[in-house]
Structures are given as C-alpha cells and as structure tokens.
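K.L.:
Just upload-v7.pdb, nothing more (PDB, C-alpha atoms):
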```pdb
ATOM      1  CA  MET A   7       0.546   9.645   8.109
ATOM      2  CA  GLY A   8       1.386   6.079   9.126
ATOM      3  CA  ALA A   9      -0.868   4.688   6.411
ATOM      4  CA  SER A  10       0.848   6.916   3.846
ATOM      5  CA  LEU A  11       4.315   5.583   4.690
ATOM      6  CA  LEU A  12       3.113   1.976   4.569
ATOM      7  CA  ARG A  13       1.483   2.612   1.213
ATOM      8  CA  LEU A  14       4.637   4.246  -0.173
ATOM      9  CA  HIS A  15       6.658   1.179   0.820
ATOM     10  CA  PHE A  16       4.138  -1.103  -0.922
ATOM     11  CA  HIS A  17       4.167   0.966  -4.081
ATOM     12  CA  ASP A  18       7.950   1.208  -4.020
ATOM     13  CA  CYS A  19       8.506  -2.549  -3.748
ATOM     14  CA  PHE A  20       5.994  -3.396  -6.486
ATOM     15  CA  VAL A  21       7.895  -1.309  -9.078
ATOM     16  CA  ASN A  22      11.282  -2.858  -9.875
ATOM     17  CA  GLY A  23      11.859  -3.814  -6.251
ATOM     18  CA  CYS A  24      12.309  -1.947  -2.967
ATOM     19  CA  ASP A  25      14.713   0.720  -4.198
ATOM     20  CA  GLY A  26      13.227   4.086  -3.198
ATOM     21  CA  SER A  27      12.240   4.878  -6.788
ATOM     22  CA  VAL A  28       8.794   6.076  -5.664
ATOM     23  CA  LEU A  29      10.468   9.007  -3.865
ATOM     24  CA  LEU A  30      12.124  10.540  -6.936
ATOM     25  CA  ASP A  31      10.724  13.738  -8.437
ATOM     26  CA  SER A  32      10.361  14.219 -12.186
ATOM     27  CA  THR A  33      13.299  15.561 -14.172
ATOM     28  CA  SER A  34      14.117  15.782 -17.856
ATOM     29  CA  SER A  35      15.214  12.136 -17.694
ATOM     30  CA  ILE A  36      12.910  10.757 -14.975
ATOM     31  CA  ASP A  37       9.156  10.259 -15.333
ATOM     32  CA  SER A  38       8.271  10.209 -11.636
ATOM     33  CA  GLU A  39       6.241   7.347 -10.176
ATOM     34  CA  LYS A  40       4.492  10.029  -8.129
ATOM     35  CA  ASN A  41       2.482  10.721 -11.300
ATOM     36  CA  ALA A  42       1.347   7.120 -11.751
ATOM     37  CA  ARG A  43      -2.381   6.427 -11.498
ATOM     38  CA  ALA A  44      -2.072   4.822  -8.057
ATOM     39  CA  ASN A  45      -0.035   7.719  -6.651
ATOM     40  CA  PHE A  46      -1.168  10.911  -8.389
ATOM     41  CA  GLN A  47      -2.844  13.312  -5.931
ATOM     42  CA  SER A  48      -3.067  10.518  -3.357
ATOM     43  CA  ALA A  49       0.428   9.422  -2.316
ATOM     44  CA  ARG A  50       1.565  11.216   0.843
ATOM     45  CA  GLY A  51       4.415  11.134   3.332
ATOM     46  CA  PHE A  52       7.286  12.416   1.200
ATOM     47  CA  GLU A  53       8.021  15.305   3.568
ATOM     48  CA  VAL A  54       8.178  12.888   6.506
ATOM     49  CA  VAL A  55      10.729  10.749   4.671
ATOM     50  CA  ASP A  56      12.769  13.898   3.969
ATOM     51  CA  LYS A  57      12.829  14.793   7.666
ATOM     52  CA  ILE A  58      13.795  11.274   8.735
ATOM     53  CA  LYS A  59      16.566  11.182   6.132
ATOM     54  CA  GLU A  60      17.936  14.519   7.348
ATOM     55  CA  ALA A  61      17.925  13.383  10.979
ATOM     56  CA  VAL A  62      19.540  10.014  10.210
ATOM     57  CA  ASP A  63      22.278  11.562   8.075
ATOM     58  CA  GLU A  64      22.995  14.117  10.785
ATOM     59  CA  ALA A  65      23.263  11.398  13.415
ATOM     60  CA  CYS A  66      25.531   9.284  11.197
ATOM     61  CA  GLY A  67      27.654  12.218  10.062
ATOM     62  CA  LYS A  68      27.089  11.471   6.380
ATOM     63  CA  PRO A  69      24.609   9.686   4.071
ATOM     64  CA  VAL A  70      25.082   6.009   4.911
ATOM     65  CA  VAL A  71      21.448   4.853   5.143
ATOM     66  CA  SER A  72      19.491   4.606   1.919
ATOM     67  CA  CYS A  73      16.104   6.177   1.314
ATOM     68  CA  ALA A  74      14.794   2.689   0.491
ATOM     69  CA  ASP A  75      15.831   1.436   3.947
ATOM     70  CA  ILE A  76      14.390   4.519   5.628
ATOM     71  CA  LEU A  77      11.055   3.906   3.901
ATOM     72  CA  ALA A  78      11.033   0.242   4.950
ATOM     73  CA  VAL A  79      11.747   1.088   8.595
ATOM     74  CA  ALA A  80       9.245   3.969   8.613
ATOM     75  CA  ALA A  81       6.539   1.624   7.284
ATOM     76  CA  ARG A  82       7.256  -0.873  10.072
ATOM     77  CA  ASP A  83       7.284   1.807  12.767
ATOM     78  CA  SER A  84       4.004   3.238  11.463
ATOM     79  CA  VAL A  85       2.302  -0.134  11.858
ATOM     80  CA  VAL A  86       3.677  -0.489  15.395
ATOM     81  CA  ALA A  87       2.576   3.046  16.329
ATOM     82  CA  LEU A  88      -0.982   2.267  15.209
ATOM     83  CA  GLY A  89      -1.228  -0.940  17.240
ATOM     84  CA  GLY A  90       0.152  -3.568  14.884
ATOM     85  CA  SER A  91       2.975  -6.049  15.275
ATOM     86  CA  THR A  92       6.671  -5.430  14.778
ATOM     87  CA  TRP A  93       9.248  -7.271  12.675
ATOM     88  CA  ASP A  94      12.955  -7.135  11.963
ATOM     89  CA  VAL A  95      13.581  -5.020   8.870
ATOM     90  CA  LYS A  96      16.510  -6.313   6.852
ATOM     91  CA  LEU A  97      18.765  -3.413   5.930
ATOM     92  CA  GLY A  98      21.345  -2.795   3.232
ATOM     93  CA  ARG A  99      19.135  -1.741   0.314
ATOM     94  CA  ARG A 100      20.549   0.904  -2.001
ATOM     95  CA  ASP A 101      18.631   3.565  -3.906
ATOM     96  CA  SER A 102      17.764   3.469  -7.575
ATOM     97  CA  THR A 103      19.057   6.108  -9.964
ATOM     98  CA  THR A 104      15.873   6.102 -12.026
ATOM     99  CA  ALA A 105      12.092   5.713 -11.785
ATOM    100  CA  SER A 106       9.297   4.736 -14.155
ATOM    101  CA  ARG A 107       5.716   5.969 -14.163
ATOM    102  CA  GLU A 108       4.971   3.406 -16.876
ATOM    103  CA  ALA A 109       6.272   0.569 -14.711
ATOM    104  CA  ALA A 110       4.277   1.863 -11.755
ATOM    105  CA  ASP A 111       1.079   1.886 -13.810
ATOM    106  CA  ALA A 112       1.805  -1.666 -14.967
ATOM    107  CA  ASN A 113       2.760  -3.159 -11.600
ATOM    108  CA  ILE A 114       0.809  -1.519  -8.768
ATOM    109  CA  PRO A 115      -2.509  -3.384  -8.276
ATOM    110  CA  ALA A 116      -5.510  -1.334  -9.388
ATOM    111  CA  PRO A 117      -8.644  -0.867  -7.242
ATOM    112  CA  ASN A 118     -10.804  -2.421  -9.985
ATOM    113  CA  PHE A 119      -8.803  -5.678 -10.182
ATOM    114  CA  ASN A 120     -10.673  -8.953  -9.784
ATOM    115  CA  LEU A 121      -9.309 -11.827  -7.696
ATOM    116  CA  SER A 122      -7.585 -13.528 -10.628
ATOM    117  CA  GLN A 123      -5.796 -10.307 -11.581
ATOM    118  CA  LEU A 124      -4.725  -9.733  -7.974
ATOM    119  CA  ILE A 125      -3.348 -13.260  -7.612
ATOM    120  CA  THR A 126      -1.411 -12.946 -10.881
ATOM    121  CA  ASN A 127      -0.053  -9.525  -9.933
ATOM    122  CA  PHE A 128       1.245 -10.751  -6.582
ATOM    123  CA  LYS A 129       2.630 -13.948  -8.127
ATOM    124  CA  ASN A 130       4.614 -11.807 -10.580
ATOM    125  CA  HIS A 131       6.320 -10.270  -7.558
ATOM    126  CA  GLY A 132       7.072 -13.591  -5.883
ATOM    127  CA  LEU A 133       4.121 -13.366  -3.495
ATOM    128  CA  ASP A 134       1.408 -15.993  -3.047
ATOM    129  CA  GLU A 135      -2.319 -15.899  -2.257
ATOM    130  CA  LYS A 136      -1.693 -15.758   1.472
ATOM    131  CA  ASP A 137       0.603 -12.761   0.992
ATOM    132  CA  LEU A 138      -2.123 -11.148  -1.114
ATOM    133  CA  VAL A 139      -4.710 -11.430   1.645
ATOM    134  CA  VAL A 140      -2.308 -10.523   4.434
ATOM    135  CA  LEU A 141      -0.774  -7.485   2.737
ATOM    136  CA  SER A 142      -4.184  -6.267   1.588
ATOM    137  CA  GLY A 143      -4.872  -6.121   5.308
ATOM    138  CA  GLY A 144      -2.671  -3.029   5.258
ATOM    139  CA  HIS A 145      -5.865  -1.350   4.084
ATOM    140  CA  ASN A 146      -7.053  -1.458   7.697
ATOM    141  CA  ILE A 147      -5.458   1.977   8.063
ATOM    142  CA  GLY A 148      -5.830   5.023   5.880
ATOM    143  CA  TYR A 149      -8.246   6.411   3.329
ATOM    144  CA  ALA A 150      -9.126   6.107  -0.358
ATOM    145  CA  ARG A 151     -10.310   8.683  -2.885
ATOM    146  CA  CYS A 152     -13.841   8.639  -4.252
ATOM    147  CA  VAL A 153     -12.549   8.000  -7.771
ATOM    148  CA  SER A 154     -11.096   4.665  -6.634
ATOM    149  CA  PHE A 155     -14.309   3.240  -5.125
ATOM    150  CA  ARG A 156     -17.092   4.913  -7.143
ATOM    151  CA  ASP A 157     -17.575   2.001  -9.564
ATOM    152  CA  HIS A 158     -17.751  -0.537  -6.737
ATOM    153  CA  MET A 159     -20.262   1.552  -4.867
ATOM    154  CA  TYR A 160     -22.645   2.224  -7.758
ATOM    155  CA  ASN A 161     -22.182  -0.774 -10.040
ATOM    156  CA  ASP A 162     -21.286  -3.851  -7.970
ATOM    157  CA  SER A 163     -23.845  -6.120  -6.328
ATOM    158  CA  ASN A 164     -21.508  -7.542  -3.649
ATOM    159  CA  ILE A 165     -21.741  -4.499  -1.394
ATOM    160  CA  ASP A 166     -23.964  -3.965   1.627
ATOM    161  CA  PRO A 167     -26.809  -1.638   0.488
ATOM    162  CA  SER A 168     -26.757   0.515   3.612
ATOM    163  CA  PHE A 169     -22.973   0.893   3.325
ATOM    164  CA  ALA A 170     -23.298   1.915  -0.315
ATOM    165  CA  GLN A 171     -25.983   4.436   0.581
ATOM    166  CA  GLN A 172     -23.768   5.920   3.271
ATOM    167  CA  LEU A 173     -20.925   6.334   0.778
ATOM    168  CA  LYS A 174     -23.123   8.302  -1.617
ATOM    169  CA  TYR A 175     -22.902  11.291   0.711
ATOM    170  CA  ILE A 176     -19.118  11.224   0.261
ATOM    171  CA  CYS A 177     -18.915  10.140  -3.344
ATOM    172  CA  PRO A 178     -21.581  11.314  -5.830
ATOM    173  CA  ARG A 179     -21.843   9.769  -9.292
ATOM    174  CA  ASN A 180     -20.056  12.749 -10.810
ATOM    175  CA  GLY A 181     -17.358  15.015  -9.410
ATOM    176  CA  SER A 182     -15.775  15.094  -5.945
ATOM    177  CA  ASP A 183     -13.116  12.602  -7.096
ATOM    178  CA  SER A 184     -10.760  13.551  -4.276
ATOM    179  CA  ASN A 185     -13.259  13.141  -1.413
ATOM    180  CA  LEU A 186     -11.946  10.613   1.090
ATOM    181  CA  SER A 187     -13.481   7.642   2.860
ATOM    182  CA  PRO A 188     -11.749   5.431   5.457
ATOM    183  CA  LEU A 189     -10.641   2.054   4.125
ATOM    184  CA  ASP A 190     -12.254   0.373   7.120
ATOM    185  CA  GLN A 191     -14.274   1.380  10.176
ATOM    186  CA  THR A 192     -11.172   1.945  12.349
ATOM    187  CA  ALA A 193      -8.862   3.726   9.911
ATOM    188  CA  ALA A 194      -6.462   4.973  12.605
ATOM    189  CA  HIS A 195      -5.940   1.567  14.243
ATOM    190  CA  PHE A 196      -4.076  -1.451  12.903
ATOM    191  CA  ASP A 197      -6.536  -4.236  13.695
ATOM    192  CA  LYS A 198      -8.762  -6.865  12.072
ATOM    193  CA  ALA A 199     -11.713  -4.593  11.250
ATOM    194  CA  TYR A 200     -10.774  -4.623   7.551
ATOM    195  CA  PHE A 201     -11.441  -8.360   7.373
ATOM    196  CA  SER A 202     -14.642  -8.103   9.399
ATOM    197  CA  ASP A 203     -15.838  -5.457   6.954
ATOM    198  CA  LEU A 204     -15.163  -7.779   4.009
ATOM    199  CA  VAL A 205     -17.172 -10.582   5.624
ATOM    200  CA  HIS A 206     -20.088  -8.135   5.923
ATOM    201  CA  LYS A 207     -19.703  -6.889   2.328
ATOM    202  CA  LYS A 208     -18.366  -3.532   3.438
ATOM    203  CA  GLY A 209     -15.078  -3.521   1.548
ATOM    204  CA  LEU A 210     -14.465  -0.021   0.220
ATOM    205  CA  LEU A 211     -12.643  -0.990  -2.971
ATOM    206  CA  HIS A 212     -13.770  -3.519  -5.569
ATOM    207  CA  SER A 213     -10.369  -5.209  -5.215
ATOM    208  CA  ASP A 214     -10.840  -5.457  -1.446
ATOM    209  CA  GLN A 215     -14.232  -7.159  -1.643
ATOM    210  CA  GLU A 216     -12.886  -9.572  -4.268
ATOM    211  CA  LEU A 217     -10.950 -11.221  -1.422
ATOM    212  CA  PHE A 218     -14.277 -12.339   0.086
ATOM    213  CA  ASN A 219     -16.577 -13.024  -2.813
ATOM    214  CA  GLY A 220     -16.927 -16.799  -3.077
ATOM    215  CA  GLY A 221     -13.334 -17.394  -4.163
ATOM    216  CA  SER A 222     -10.198 -19.158  -2.965
ATOM    217  CA  THR A 223      -9.274 -16.462  -0.427
ATOM    218  CA  ASP A 224     -12.563 -16.463   1.500
ATOM    219  CA  ALA A 225     -11.394 -18.861   4.208
ATOM    220  CA  LEU A 226      -8.310 -16.808   5.060
ATOM    221  CA  VAL A 227     -10.323 -13.576   5.254
ATOM    222  CA  LYS A 228     -12.762 -15.326   7.584
ATOM    223  CA  GLN A 229      -9.898 -16.581   9.752
ATOM    224  CA  TYR A 230      -8.315 -13.144  10.121
ATOM    225  CA  SER A 231     -11.690 -11.573  10.909
ATOM    226  CA  ASN A 232     -11.721 -13.747  14.028
ATOM    227  CA  ASP A 233      -8.017 -13.907  14.925
ATOM    228  CA  VAL A 234      -6.033 -10.660  15.069
ATOM    229  CA  GLU A 235      -2.974 -12.433  16.495
ATOM    230  CA  ALA A 236      -2.737 -14.701  13.454
ATOM    231  CA  PHE A 237      -3.114 -11.711  11.150
ATOM    232  CA  ASN A 238      -0.439  -9.698  12.939
ATOM    233  CA  GLU A 239       2.031 -12.603  12.836
ATOM    234  CA  ASP A 240       1.388 -13.325   9.168
ATOM    235  CA  PHE A 241       1.486  -9.623   8.261
ATOM    236  CA  ALA A 242       4.953  -9.314   9.768
ATOM    237  CA  ASN A 243       6.172 -12.347   7.796
ATOM    238  CA  SER A 244       4.700 -11.107   4.522
ATOM    239  CA  MET A 245       6.159  -7.631   5.028
ATOM    240  CA  ILE A 246       9.628  -9.182   5.423
ATOM    241  CA  LYS A 247       9.026 -11.190   2.251
ATOM    242  CA  MET A 248       7.829  -8.127   0.321
ATOM    243  CA  GLY A 249      10.732  -6.043   1.615
ATOM    244  CA  ASN A 250      13.127  -8.514  -0.017
ATOM    245  CA  ILE A 251      11.780  -7.985  -3.556
ATOM    246  CA  GLN A 252      14.742  -7.252  -5.836
ATOM    247  CA  PRO A 253      16.746  -4.942  -3.548
ATOM    248  CA  LEU A 254      19.753  -3.123  -4.964
ATOM    249  CA  THR A 255      22.849  -4.181  -3.023
ATOM    250  CA  GLY A 256      26.619  -4.136  -3.372
ATOM    251  CA  ASN A 257      27.710  -1.615  -5.970
ATOM    252  CA  ARG A 258      24.314  -1.329  -7.622
ATOM    253  CA  GLY A 259      22.433   1.909  -7.124
ATOM    254  CA  GLU A 260      23.564   4.575  -4.664
ATOM    255  CA  ILE A 261      22.925   6.104  -1.243
ATOM    256  CA  ARG A 262      21.039   9.278  -2.103
ATOM    257  CA  VAL A 263      21.858  12.533  -0.353
ATOM    258  CA  ASN A 264      18.363  13.797  -1.133
ATOM    259  CA  CYS A 265      15.609  11.188  -1.423
ATOM    260  CA  ARG A 266      13.865  13.226  -4.125
ATOM    261  CA  LYS A 267      16.738  13.231  -6.622
ATOM    262  CA  VAL A 268      19.712  11.178  -7.736
ATOM    263  CA  ASN A 269      23.169  12.234  -6.610
TER     264      ASN A 269
END
```
Rewrite the structure of this file - the entire thing - as structure tokens.

P.N.:
Amino acid sequence: MGASLLRLHFHDCFVNGCDGSVLLDSTSSIDSEKNARANFQSARGFEVVDKIKEAVDEACGKPVVSCADILAVAARDSVVALGGSTWDVKLGRRDSTTASREAADANIPAPNFNLSQLITNFKNHGLDEKDLVVLSGGHNIGYARCVSFRDHMYNDSNIDPSFAQQLKYICPRNGSDSNLSPLDQTAAHFDKAYFSDLVHKKGLLHSDQELFNGGSTDALVKQYSNDVEAFNEDFANSMIKMGNIQPLTGNRGEIRVNCRKVN
C-alpha cells in the first residue's frame, strides 16, 4: 500500500499541482482523474486516505488538514516505513474543487515515453533531469500492470533476454492486461535495486530503461546503483521540490470534509 500512496502523490502533483484532485470521484461536473490512463484500474490507496482523513479530523475536532497535505505526508511515511529516508513535508496546501481526466492524460508521464519526452515532461513541471532520475527511483517499490510493460518486453532490444523470458509467464502477447509484475527485484523495500536493475537492462517499463540507455542520465543511474545514501538524500530533496508544485494556498481551494468530493 505504501507504493500506492507514493504513486497517488506523484500523479496528484503532476496534474495542476499538489491539490488532492486525484482523490475526487466523478460527478456530473467532474471527470475524475481516477479514470485517466495512468490511474484506471491501477491506482490504489483511496480507502487508506479516507481512513487517515477521518482520524485526523476527529483528532483536530473539525476538518483543518487538507486531503492534499494528508496525501503528501502519507507518501513520506510510506517511504520511511519501507526503509527509505525521511524529509520535512511543508504543509498548508488546500484542496482543489475540480479535477481533469484530460489534464491527467496530458501530464502524467506514460510508460512508453523516451528519454527526451521524460525530460520535457519533468521540465514542464519545474523539475530537472536529476529530479527525473531521482523520482523515477520511486519505482523501487510497487508493481506495474502487464499492459504497461508488454511493448518493452516483446519489442525493445534494450532488455535482458532472460528477464524478458521470465516476464512472458506473467504477461502473454495477448490478454492478461491486469497481471502484475514487481517494478524491481525488491518491490517491498525502498532501496537502490531499481537502479541496479536498470544497469543490467532489467527495467520493467520502457520509460524506466530509457534512463540507462546511452543517454544523458546514465551516469546518475550508475551512481545511485552504487550509493543508496546519495539516492535517499536526493530523493528527499526532490520530493520536497515536487511537493511544492503549484499548491493552492490562502483563500484558493478548500479543506474538503470528504476527500472524494467537493464540499
């Protein structure tokens, strides 16, 4: 579940800023981001956010902490619980009163992106190449659906043959789209295995392996594959930077009573 909360925070911040929009259900006026390509049938953790929100509001006596802040803190605590580093989460975000599936489809990086597309996507959100590599390291926990890595497995040449063969038992050429494979060899531990896998051409997603494929990010991947302390420190810094993307503050937005719907 920790990976799910971290992923939700990523996907939230990449769509009009860190405003809890990813948590909203569809209504007659809201096209939920839960139905976006990157989230549909794969995003998890909404019930956990609901429970945290209920407990926080009960402790505070009323809704004073936003769903966006709860998601940011839950993502940090998930990383810590799985062995990663901690960081100070800046608080004070407010919740959006709308969501956009179209914006989610346009802004969340796709698993078939090449390195140039990834760099441009992150740059559009105020993040640089180092942030790209570091935050992609969040893929060292969790799982991905067959539909998101099938093309890489069957059609790319920059994948270890034995690894590709192993994946065929999970992900056939046709069907079984929702079958899961771990994003790295230690999917329940926040460590440097993700980067070691990339060095050995065992990145699960095409977009993952693009980070170590003869391009400008190779050196940083190599460094993190050998230095977990450097990765943990840089991950914390990049998470703080990402968490500051276009937050709603002051009188903008609201503090939702229910994270799934506007007040």

K.L.:
Extract, using all atoms listed in the file, all DNA, RNA and protein residues at most 9 Å from Ser32 of chain A, discarding same-chain residues fewer than 5 positions from it, and format them as a list of chain:residue names.

P.N.:
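Using all atoms listed in the file, the neighbours found are A:Asp37, A:Ser38, A:Glu39, A:Lys40, A:Asn41, A:Ala105, A:Arg266, A:Lys267.
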
K.L.:
Report as an mmCIF file with C-alpha atoms, in the coordinates of the input the full result of the PyMOL selection byres ((chain A and resi 57) around 12) when it is applied to this structure.

P.N.:
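Output saved as selection37.cif:
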```cif
data_model
loop_
_atom_site.group_PDB
_atom_site.id
_atom_site.type_symbol
_atom_site.label_atom_id
_atom_site.label_comp_id
_atom_site.auth_asym_id
_atom_site.auth_seq_id
_atom_site.Cartn_x
_atom_site.Cartn_y
_atom_site.Cartn_z
ATOM 1 C CA GLY A 51 4.415 11.134 3.332
ATOM 2 C CA PHE A 52 7.286 12.416 1.200
ATOM 3 C CA GLU A 53 8.021 15.305 3.568
ATOM 4 C CA VAL A 54 8.178 12.888 6.506
ATOM 5 C CA VAL A 55 10.729 10.749 4.671
ATOM 6 C CA ASP A 56 12.769 13.898 3.969
ATOM 7 C CA ILE A 58 13.795 11.274 8.735
ATOM 8 C CA LYS A 59 16.566 11.182 6.132
ATOM 9 C CA GLU A 60 17.936 14.519 7.348
ATOM 10 C CA ALA A 61 17.925 13.383 10.979
ATOM 11 C CA VAL A 62 19.540 10.014 10.210
ATOM 12 C CA ASP A 63 22.278 11.562 8.075
ATOM 13 C CA GLU A 64 22.995 14.117 10.785
ATOM 14 C CA CYS A 73 16.104 6.177 1.314
ATOM 15 C CA ILE A 76 14.390 4.519 5.628
ATOM 16 C CA LEU A 77 11.055 3.906 3.901
ATOM 17 C CA ALA A 80 9.245 3.969 8.613
ATOM 18 C CA ASN A 264 18.363 13.797 -1.133
ATOM 19 C CA CYS A 265 15.609 11.188 -1.423
ATOM 20 C CA ARG A 266 13.865 13.226 -4.125
#
```

K.L.:
In Å to one decimal, how far is atom CA of Gln47 of chain A from atom CA of Arg151 of chain A?

P.N.:
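Interatomic distance here is 9.3 Å.
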
K.L.:
Do a neighbour search on Met245 of chain A at 8 Å with all atoms listed in the file, toss out local chain neighbours closer than 4 positions, and write the hits as a PDB file with C-alpha atoms, in the frame of the given file.

P.N.:
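That gives us around.pdb:
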```pdb
ATOM      1  CA  LEU A 141      -0.774  -7.485   2.737  1.00  0.00           C
ATOM      2  CA  PHE A 241       1.486  -9.623   8.261  1.00  0.00           C
ATOM      3  CA  GLY A 249      10.732  -6.043   1.615  1.00  0.00           C
TER       4      GLY A 249
END
```

K.L.:
By how many Å are atom CA of Asp203 of chain A and atom CA of Ser184 of chain A apart?

P.N.:
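Value for the atom CA of Asp203 of chain A-atom CA of Ser184 of chain A distance: 22.7 Å.
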
K.L.:
Taking the point (14.4, -9.7, -6.3) as given in the file, collect each protein or nucleic acid residue that comes within 10 Å of it, counting all atoms listed in the file, and present the set as a ChimeraX atom specification.

P.N.:
/A:19,22-24,131-132,248-254
